[in-house]
$ cat protein-v1.tsv   # TSV, C-alpha atoms
chain	number	residue	atom	x	y	z
A	118	MET	CA	-24.03	8.65	-40.67
A	119	VAL	CA	-26.60	8.11	-37.93
A	120	PHE	CA	-25.30	7.84	-34.39
A	121	ASN	CA	-26.94	4.91	-32.68
A	122	ALA	CA	-26.15	4.76	-28.96
A	123	ASP	CA	-27.78	1.36	-28.48
A	124	VAL	CA	-25.73	-0.23	-31.25
A	125	MET	CA	-22.55	1.36	-29.91
A	126	ARG	CA	-23.31	0.17	-26.38
A	127	GLN	CA	-23.95	-3.34	-27.62
A	128	GLN	CA	-20.72	-3.33	-29.63
A	129	ALA	CA	-18.81	-2.01	-26.60
A	130	GLU	CA	-20.16	-4.85	-24.45
A	131	GLN	CA	-19.21	-7.41	-27.09
A	132	LEU	CA	-15.77	-5.88	-27.38
A	133	ASP	CA	-15.34	-5.95	-23.62
A	134	GLU	CA	-16.14	-9.64	-23.59
A	135	GLU	CA	-13.86	-10.27	-26.55
A	136	LEU	CA	-10.97	-8.50	-24.86
A	137	GLU	CA	-11.48	-10.48	-21.68
A	138	GLN	CA	-11.21	-13.70	-23.71
A	139	GLY	CA	-8.09	-12.58	-25.58
A	140	ARG	CA	-4.62	-13.55	-24.37
A	141	PHE	CA	-1.36	-11.67	-24.89
A	142	SER	CA	2.06	-12.75	-23.76
A	143	GLY	CA	5.22	-10.81	-23.05
A	144	GLN	CA	8.75	-11.75	-22.04
A	145	SER	CA	11.48	-10.13	-20.03
A	146	ARG	CA	14.52	-9.00	-22.01
A	147	ASP	CA	16.54	-12.01	-20.84
A	148	GLY	CA	13.68	-14.38	-21.62
A	149	ALA	CA	13.63	-15.66	-18.05
A	150	VAL	CA	10.00	-14.72	-17.39
A	151	THR	CA	6.90	-14.94	-19.55
A	152	ALA	CA	3.64	-13.27	-18.55
A	153	VAL	CA	0.18	-13.73	-20.06
A	154	VAL	CA	-2.53	-11.11	-19.69
A	155	SER	CA	-6.10	-10.80	-20.91
A	156	GLY	CA	-7.07	-8.20	-23.50
A	157	ARG	CA	-8.05	-5.96	-20.62
A	158	GLY	CA	-4.60	-6.28	-19.07
A	159	ARG	CA	-5.50	-8.67	-16.27
A	160	LEU	CA	-2.56	-10.90	-15.34
A	161	MET	CA	-3.53	-14.51	-16.09
A	162	ASP	CA	-0.32	-16.54	-16.01
A	163	LEU	CA	3.33	-16.25	-15.13
A	164	LYS	CA	6.19	-18.61	-16.00
A	165	ILE	CA	9.69	-18.41	-14.62
A	166	THR	CA	12.43	-20.54	-16.17
A	167	GLU	CA	14.26	-22.96	-13.89
A	168	SER	CA	17.70	-21.79	-15.10
A	169	VAL	CA	17.33	-18.28	-13.74
A	170	MET	CA	16.40	-19.72	-10.35
A	171	ARG	CA	19.67	-21.60	-10.19
A	172	GLY	CA	21.78	-18.67	-11.41
A	173	ALA	CA	24.16	-16.61	-9.32
A	174	HIS	CA	21.64	-13.81	-8.84
A	175	PRO	CA	18.14	-15.28	-8.66
A	176	GLN	CA	16.75	-12.02	-7.29
A	177	VAL	CA	16.87	-10.63	-10.85
A	178	VAL	CA	13.60	-12.52	-11.28
A	179	GLY	CA	11.81	-9.60	-9.60
A	180	PRO	CA	12.61	-6.95	-12.22
A	181	ALA	CA	12.20	-9.57	-14.96
A	182	VAL	CA	8.64	-10.24	-13.80
A	183	VAL	CA	7.84	-6.52	-14.00
A	184	GLU	CA	9.33	-6.37	-17.52
A	185	ALA	CA	7.38	-9.38	-18.73
A	186	VAL	CA	4.07	-8.14	-17.32
A	187	ALA	CA	4.62	-4.69	-18.81
A	188	ALA	CA	5.48	-6.17	-22.22
A	189	ALA	CA	2.35	-8.33	-22.22
A	190	ARG	CA	0.20	-5.36	-21.23
A	191	ARG	CA	1.68	-3.26	-24.00
A	192	GLN	CA	0.72	-5.94	-26.50
A	193	ALA	CA	-2.79	-6.08	-25.08
A	194	ALA	CA	-3.15	-2.30	-25.08
A	195	THR	CA	-2.04	-2.01	-28.70
A	196	VAL	CA	-4.78	-4.31	-29.88
A	197	ALA	CA	-7.40	-3.09	-27.40
A	198	VAL	CA	-6.95	0.54	-28.40
A	199	ALA	CA	-7.24	-0.32	-32.10
A	200	LYS	CA	-10.39	-2.32	-31.47
A	201	MET	CA	-11.91	0.40	-29.29
A	202	ARG	CA	-11.21	2.97	-32.00
A	203	ALA	CA	-13.04	0.76	-34.45
A	204	VAL	CA	-16.09	0.83	-32.16
A	205	PHE	CA	-16.05	4.46	-31.13
A	206	ASP	CA	-14.53	6.06	-34.21
A	207	LYS	CA	-17.38	6.52	-36.61
A	208	ASP	CA	-15.08	6.38	-39.64
A	209	GLN	CA	-14.64	2.68	-39.12
A	210	VAL	CA	-16.90	-0.31	-38.69
A	211	TRP	CA	-16.28	-2.91	-36.01
A	212	GLN	CA	-17.35	-6.52	-36.22
A	213	PRO	CA	-16.87	-9.15	-33.50
A	214	ALA	CA	-13.89	-11.42	-34.00
A	215	PRO	CA	-14.62	-15.07	-34.69
A	216	VAL	CA	-14.73	-17.23	-31.58
A	217	PRO	CA	-11.21	-18.60	-30.95
A	218	PRO	CA	-10.77	-22.36	-30.93
A	219	ALA	CA	-10.50	-24.04	-27.54
A	220	GLY	CA	-7.01	-25.00	-26.43
A	221	ASP	CA	-3.98	-23.66	-24.69
A	222	PHE	CA	-4.88	-20.07	-23.97
A	223	ALA	CA	-1.38	-18.72	-24.20
A	224	VAL	CA	-0.82	-20.06	-27.69
A	225	SER	CA	-4.17	-20.14	-29.41
A	226	ASN	CA	-5.20	-16.57	-29.07
A	227	TRP	CA	-6.81	-14.53	-31.74
A	228	ALA	CA	-4.86	-11.40	-31.15
A	229	ALA	CA	-1.28	-12.60	-31.17
A	230	PRO	CA	-0.79	-12.43	-34.95
A	231	ALA	CA	-2.08	-8.89	-35.03
A	232	ALA	CA	0.19	-7.92	-32.16
A	233	GLU	CA	3.18	-9.42	-33.95
A	234	ASP	CA	2.33	-7.51	-37.10
A	235	HIS	CA	2.66	-4.27	-35.18
A	236	SER	CA	6.25	-4.95	-34.27
A	237	GLN	CA	7.42	-5.34	-37.86
A	238	PRO	CA	9.45	-2.29	-38.83
A	239	GLY	CA	8.25	-0.23	-41.73
A	240	THR	CA	4.73	-1.58	-41.75
A	241	THR	CA	1.64	0.26	-40.74
A	242	PRO	CA	-0.46	-1.79	-38.33
A	243	PRO	CA	-4.09	-2.35	-39.28
A	244	ALA	CA	-6.60	-0.55	-37.11
A	245	SER	CA	-7.86	-3.93	-36.01
A	246	PRO	CA	-7.89	-7.46	-37.37
A	247	SER	CA	-11.64	-7.22	-37.62
A	248	ALA	CA	-11.96	-3.55	-38.38
A	249	VAL	CA	-12.84	-2.49	-41.90
A	250	ALA	CA	-11.78	1.03	-42.75
A	251	ARG	CA	-14.20	3.03	-44.81
A	252	PRO	CA	-13.15	5.39	-47.59
A	253	ARG	CA	-12.01	8.71	-46.24
A	254	ARG	CA	-14.88	10.92	-45.23
A	255	GLU	CA	-13.90	13.83	-47.49
A	256	GLU	CA	-13.95	11.52	-50.50
A	257	VAL	CA	-17.53	10.50	-50.13
A	258	GLU	CA	-19.31	12.92	-47.84
A	259	GLU	CA	-19.85	16.58	-47.50
A	260	GLU	CA	-20.21	18.06	-44.04
A	261	ASN	CA	-23.63	17.40	-42.60
A	262	PHE	CA	-24.77	20.47	-40.72
A	263	GLU	CA	-27.56	18.54	-39.05
A	264	GLU	CA	-24.90	16.94	-36.85
A	265	LEU	CA	-23.52	20.26	-35.66
A	266	ASP	CA	-24.76	21.90	-32.49
A	267	PHE	CA	-24.29	25.62	-33.01
A	268	LEU	CA	-25.22	26.31	-29.40
A	269	GLU	CA	-22.55	24.02	-28.04
A	270	ASP	CA	-20.31	25.75	-25.50
A	271	ASP	CA	-16.66	25.79	-26.57
A	272	GLY	CA	-15.55	26.84	-23.09
A	273	GLY	CA	-12.94	29.42	-24.09
A	274	GLU	CA	-14.91	32.65	-24.30
A	275	ASP	CA	-17.11	32.08	-21.30
A	276	GLU	CA	-14.21	31.38	-19.01
A	277	GLU	CA	-12.78	34.78	-19.82
A	278	ARG	CA	-16.01	36.47	-18.86
A	279	GLY	CA	-15.89	34.83	-15.45
A	280	ARG	CA	-19.41	33.43	-15.49
A	281	TRP	CA	-22.15	32.34	-17.87
B	123	MET	CA	-31.28	35.79	-5.40
B	124	ASN	CA	-32.78	35.36	-8.83
B	125	TYR	CA	-33.04	32.09	-10.71
B	126	GLN	CA	-29.92	32.65	-12.83
B	127	ASP	CA	-27.77	33.41	-9.78
B	128	GLU	CA	-29.11	30.36	-8.01
B	129	LEU	CA	-28.26	28.23	-11.01
B	130	TYR	CA	-24.81	29.80	-11.23
B	131	HIS	CA	-24.01	29.03	-7.60
B	132	LEU	CA	-25.32	25.50	-7.94
B	133	ALA	CA	-23.06	24.94	-10.97
B	134	ARG	CA	-20.09	26.31	-9.03
B	135	GLU	CA	-20.79	23.95	-6.15
B	136	ILE	CA	-20.93	21.01	-8.54
B	137	ASP	CA	-17.68	22.12	-10.19
B	138	GLU	CA	-15.94	22.39	-6.84
B	139	ALA	CA	-17.22	19.01	-5.70
B	140	ALA	CA	-16.15	17.38	-8.97
B	141	ALA	CA	-12.69	18.97	-8.66
B	142	ALA	CA	-12.37	17.67	-5.11
B	143	VAL	CA	-13.25	14.14	-6.24
B	144	ALA	CA	-10.78	14.37	-9.14
B	145	GLN	CA	-8.08	15.50	-6.71
B	146	THR	CA	-8.85	12.58	-4.40
B	147	ALA	CA	-8.70	10.17	-7.34
B	148	GLN	CA	-5.31	11.54	-8.41
B	149	THR	CA	-3.96	11.26	-4.88
B	150	ALA	CA	-5.23	7.68	-4.60
B	151	GLU	CA	-3.61	6.74	-7.90
B	152	ARG	CA	-0.26	8.13	-6.79
B	153	ALA	CA	-0.20	6.23	-3.49
B	154	PRO	CA	1.63	2.91	-4.02
B	155	LEU	CA	0.61	-0.27	-2.28
B	156	GLU	CA	3.16	-2.77	-1.00
B	157	TRP	CA	2.05	-6.38	-0.72
B	158	ARG	CA	4.03	-8.89	1.33
B	159	LEU	CA	4.60	-12.28	-0.23
B	160	PRO	CA	4.36	-15.42	1.95
B	161	GLY	CA	7.12	-15.90	4.50
B	162	GLU	CA	10.11	-13.68	3.88
B	163	LEU	CA	10.02	-14.15	0.13
B	164	GLY	CA	9.68	-10.47	-0.62
B	165	THR	CA	7.21	-7.81	-1.69
B	166	VAL	CA	5.11	-6.80	-4.66
B	167	THR	CA	4.57	-3.08	-5.19
B	168	VAL	CA	1.73	-1.75	-7.31
B	169	SER	CA	0.71	1.80	-8.12
B	170	GLY	CA	-2.44	3.24	-6.62
B	171	ALA	CA	-4.09	2.60	-9.98
B	172	GLY	CA	-3.38	-1.11	-9.58
B	173	GLN	CA	-0.45	-1.49	-11.97
B	174	LEU	CA	2.58	-3.60	-11.06
B	175	THR	CA	5.66	-1.42	-10.49
B	176	ALA	CA	8.15	-3.60	-8.61
B	177	VAL	CA	8.83	-7.11	-7.34
B	178	THR	CA	11.55	-7.51	-4.72
B	179	LEU	CA	12.67	-11.02	-3.83
B	180	ASP	CA	14.97	-12.44	-1.18
B	181	ALA	CA	17.58	-14.61	-2.87
B	182	ALA	CA	18.02	-16.95	0.09
B	183	GLU	CA	14.30	-17.49	0.51
B	184	MET	CA	13.91	-18.13	-3.22
B	185	ARG	CA	16.11	-21.23	-2.94
B	186	GLN	CA	13.22	-23.00	-1.21
B	187	TYR	CA	11.02	-22.62	-4.27
B	188	SER	CA	10.96	-24.42	-7.58
B	189	ALA	CA	10.40	-22.24	-10.66
B	190	ASP	CA	6.81	-23.45	-10.92
B	191	ALA	CA	6.06	-22.83	-7.25
B	192	LEU	CA	7.59	-19.35	-7.40
B	193	SER	CA	5.60	-18.59	-10.56
B	194	ARG	CA	2.36	-19.54	-8.84
B	195	THR	CA	3.21	-17.62	-5.67
B	196	LEU	CA	4.14	-14.48	-7.59
B	197	LEU	CA	1.09	-14.73	-9.83
B	198	GLN	CA	-1.18	-14.92	-6.80
B	199	GLY	CA	0.70	-12.13	-5.02
B	200	ILE	CA	0.53	-9.77	-8.00
B	201	GLN	CA	-3.15	-10.50	-8.60
B	202	ASP	CA	-3.94	-9.88	-4.93
B	203	ALA	CA	-1.91	-6.67	-4.78
B	204	GLU	CA	-3.43	-5.23	-7.95
B	205	HIS	CA	-6.92	-6.17	-6.86
B	206	ARG	CA	-6.40	-4.64	-3.43
B	207	ALA	CA	-5.01	-1.40	-4.88
B	208	ASP	CA	-7.87	-1.15	-7.35
B	209	ARG	CA	-10.41	-1.78	-4.60
B	210	ARG	CA	-8.76	0.84	-2.39
B	211	ARG	CA	-8.89	3.42	-5.19
B	212	VAL	CA	-12.55	2.71	-5.94
B	213	ASP	CA	-13.47	2.89	-2.26
B	214	THR	CA	-11.55	6.14	-1.81
B	215	ILE	CA	-13.30	7.75	-4.76
B	216	ALA	CA	-16.70	6.47	-3.60
B	217	ALA	CA	-16.08	7.94	-0.15
B	218	ALA	CA	-15.08	11.28	-1.70
B	219	VAL	CA	-18.19	11.31	-3.88
B	220	ALA	CA	-20.39	10.57	-0.89
B	221	GLU	CA	-18.67	13.28	1.14
B	222	THR	CA	-19.20	15.95	-1.50
B	223	GLY	CA	-22.83	14.99	-2.00
B	224	LEU	CA	-22.40	14.34	-5.72
B	225	ALA	CA	-23.90	10.86	-5.47
$ encode --input "protein-v1.tsv" --output "structure tokens"
Amino acid sequence: MVFNADVMRQQAEQLDEELEQGRFSGQSRDGAVTAVVSGRGRLMDLKITESVMRGAHPQVVGPAVVEAVAAARRQAATVAVAKMRAVFDKDQVWQPAPVPPAGDFAVSNWAAPAAEDHSQPGTTPPASPSAVARPRREEVEEENFEELDFLEDDGGEDEERGRW
Amino acid sequence: MNYQDELYHLAREIDEAAAAVAQTAQTAERAPLEWRLPGELGTVTVSGAGQLTAVTLDAAEMRQYSADALSRTLLQGIQDAEHRADRRRVDTIAAAVAETGLA
């Protein structure tokens, strides 16, 4: 495989834009607070239910907000990491996701189904909704010695000598 | 001093400067930032890296807010706090880089 820095940079920029457009939501354990973040983890929206405000201990909203934001960011990170691997891991091929339809951002997001898939017990999450895994390297390729740098410093020996 | 020694000392200086910047970055990320919400509503605390860690609210003050109004106020407060912490971290690292001469 040929390493193409320009293609990778372009894909990384596209991915960055895609993640910024994506929306992921998370709820507190009691369901009192819902947070929405972008694919890059930026907090975009926060909803607090009226019932918790009128409860005996409304100050519980504080910790619930932290829980909801953390849950939404975990969802976002799960998908973002998989998509980044697809770009930077050369055993996979990344393609941009289709443009999501316009509408309510919290509901019509491209990544939510993938994020939900990850939570199902006993299932292995896909690397990315848009990532296509190639056959395993050892099945189709032998090691290409042109890619190896025999002069590359591995750090260990030289440190013991004290200097290079 | 021969060329190899000169190069060796230069590399050591760069290593030391990079370590100093990394140390500064770690210190900045560990320093939390507390952001006061309007009035006496409470505070938002974020880590030095700009991640939300705590929201403390005053129950009596909350009674003056509807759920929607509180949602908007907290959203703005958290966004401001995280942005400020992130800005502070970036500025701190930039200052450390400038100080060490790595820039």
$ closest_residue --input "protein-v1.tsv" --among "B:Ala171, B:Ile215, B:Arg158, B:Gln126" --to "Asp202 of chain B" --atoms "all atoms listed in the file"
B:Arg158
$ interface_residues --input "protein-v1.tsv" --of "chain A" --to "chain B" --cutoff "7 Å" --atoms "all atoms listed in the file" --output "MDAnalysis selection string"
chainID A and resid 160 162:167 170 175:176 179:180 183
$ residues_around --input "protein-v1.tsv" --residues "segment 136-143 of chain A" --least-positions-apart "6" --cutoff "6 Å" --atoms "only C-alpha atoms" --output "MDAnalysis selection string"
chainID A and resid 151:157 185 188:189 193 226
$ write_last_selection --input "protein-v1.tsv" --atoms "C-alpha atoms" --output "mmCIF file, in the coordinates of the input"
data_model
loop_
_atom_site.group_PDB
_atom_site.id
_atom_site.type_symbol
_atom_site.label_atom_id
_atom_site.label_comp_id
_atom_site.auth_asym_id
_atom_site.auth_seq_id
_atom_site.Cartn_x
_atom_site.Cartn_y
_atom_site.Cartn_z
ATOM 1 C CA THR A 151 6.900 -14.940 -19.550
ATOM 2 C CA ALA A 152 3.640 -13.270 -18.550
ATOM 3 C CA VAL A 153 0.180 -13.730 -20.060
ATOM 4 C CA VAL A 154 -2.530 -11.110 -19.690
ATOM 5 C CA SER A 155 -6.100 -10.800 -20.910
ATOM 6 C CA GLY A 156 -7.070 -8.200 -23.500
ATOM 7 C CA ARG A 157 -8.050 -5.960 -20.620
ATOM 8 C CA ALA A 185 7.380 -9.380 -18.730
ATOM 9 C CA ALA A 188 5.480 -6.170 -22.220
ATOM 10 C CA ALA A 189 2.350 -8.330 -22.220
ATOM 11 C CA ALA A 193 -2.790 -6.080 -25.080
ATOM 12 C CA ASN A 226 -5.200 -16.570 -29.070
#
$ closest_residue --input "protein-v1.tsv" --among "A:Ala214, A:Ala122, A:Val150, A:Ala187" --to "Lys200 of chain A" --atoms "all atoms listed in the file"
A:Ala214
$ residues_around --input "protein-v1.tsv" --residues "segment 217-225 of chain B" --least-positions-apart "2" --cutoff "8 Å" --atoms "only C-alpha atoms" --output "JSON, numbers by chain"
{"B": [136, 139, 140, 142, 143, 146, 213, 214, 215]}
$ write_last_selection --input "protein-v1.tsv" --atoms "C-alpha atoms" --output "PDB file, keeping the file's coordinate frame"
ATOM      1  CA  ILE B 136     -20.930  21.010  -8.540  1.00  0.00           C
ATOM      2  CA  ALA B 139     -17.220  19.010  -5.700  1.00  0.00           C
ATOM      3  CA  ALA B 140     -16.150  17.380  -8.970  1.00  0.00           C
ATOM      4  CA  ALA B 142     -12.370  17.670  -5.110  1.00  0.00           C
ATOM      5  CA  VAL B 143     -13.250  14.140  -6.240  1.00  0.00           C
ATOM      6  CA  THR B 146      -8.850  12.580  -4.400  1.00  0.00           C
ATOM      7  CA  ASP B 213     -13.470   2.890  -2.260  1.00  0.00           C
ATOM      8  CA  THR B 214     -11.550   6.140  -1.810  1.00  0.00           C
ATOM      9  CA  ILE B 215     -13.300   7.750  -4.760  1.00  0.00           C
TER      10      ILE B 215
END
$ atom_distance --input "protein-v1.tsv" --atom1 "atom CA of Asp208 of chain B" --atom2 "atom CA of Pro160 of chain B"
21.0 Å
$ atom_distance --input "protein-v1.tsv" --atom1 "atom CA of Arg211 of chain B" --atom2 "atom CA of Ala150 of chain B"
5.6 Å
$ closest_residue --input "protein-v1.tsv" --among "A:Gln131, A:Arg191, A:Gly172, A:Asp147" --to "Arg159 of chain A" --atoms "only C-alpha atoms"
A:Arg191
$ axis_aligned_box --input "protein-v1.tsv" --around "segment 141-158 of chain B" --padding-each-side "3 Å" --output "JSON"
{"center_x": -4.6, "center_y": 5.0, "center_z": -3.9, "size_x": 23.3, "size_y": 33.9, "size_z": 16.5}
$ atom_distance --input "protein-v1.tsv" --atom1 "atom CA of Ala173 of chain A" --atom2 "atom CA of Thr167 of chain B"
24.2 Å
$ closest_residue --input "protein-v1.tsv" --among "A:Leu132, A:Gly158, A:Ala149, A:Arg171" --to "Thr195 of chain A" --atoms "only C-alpha atoms"
A:Gly158
$ residues_around --input "protein-v1.tsv" --residues "Arg152 of chain B" --least-positions-apart "2" --cutoff "9 Å" --atoms "only C-alpha atoms" --output "ChimeraX atom specification"
/B:147-150,154,169-171
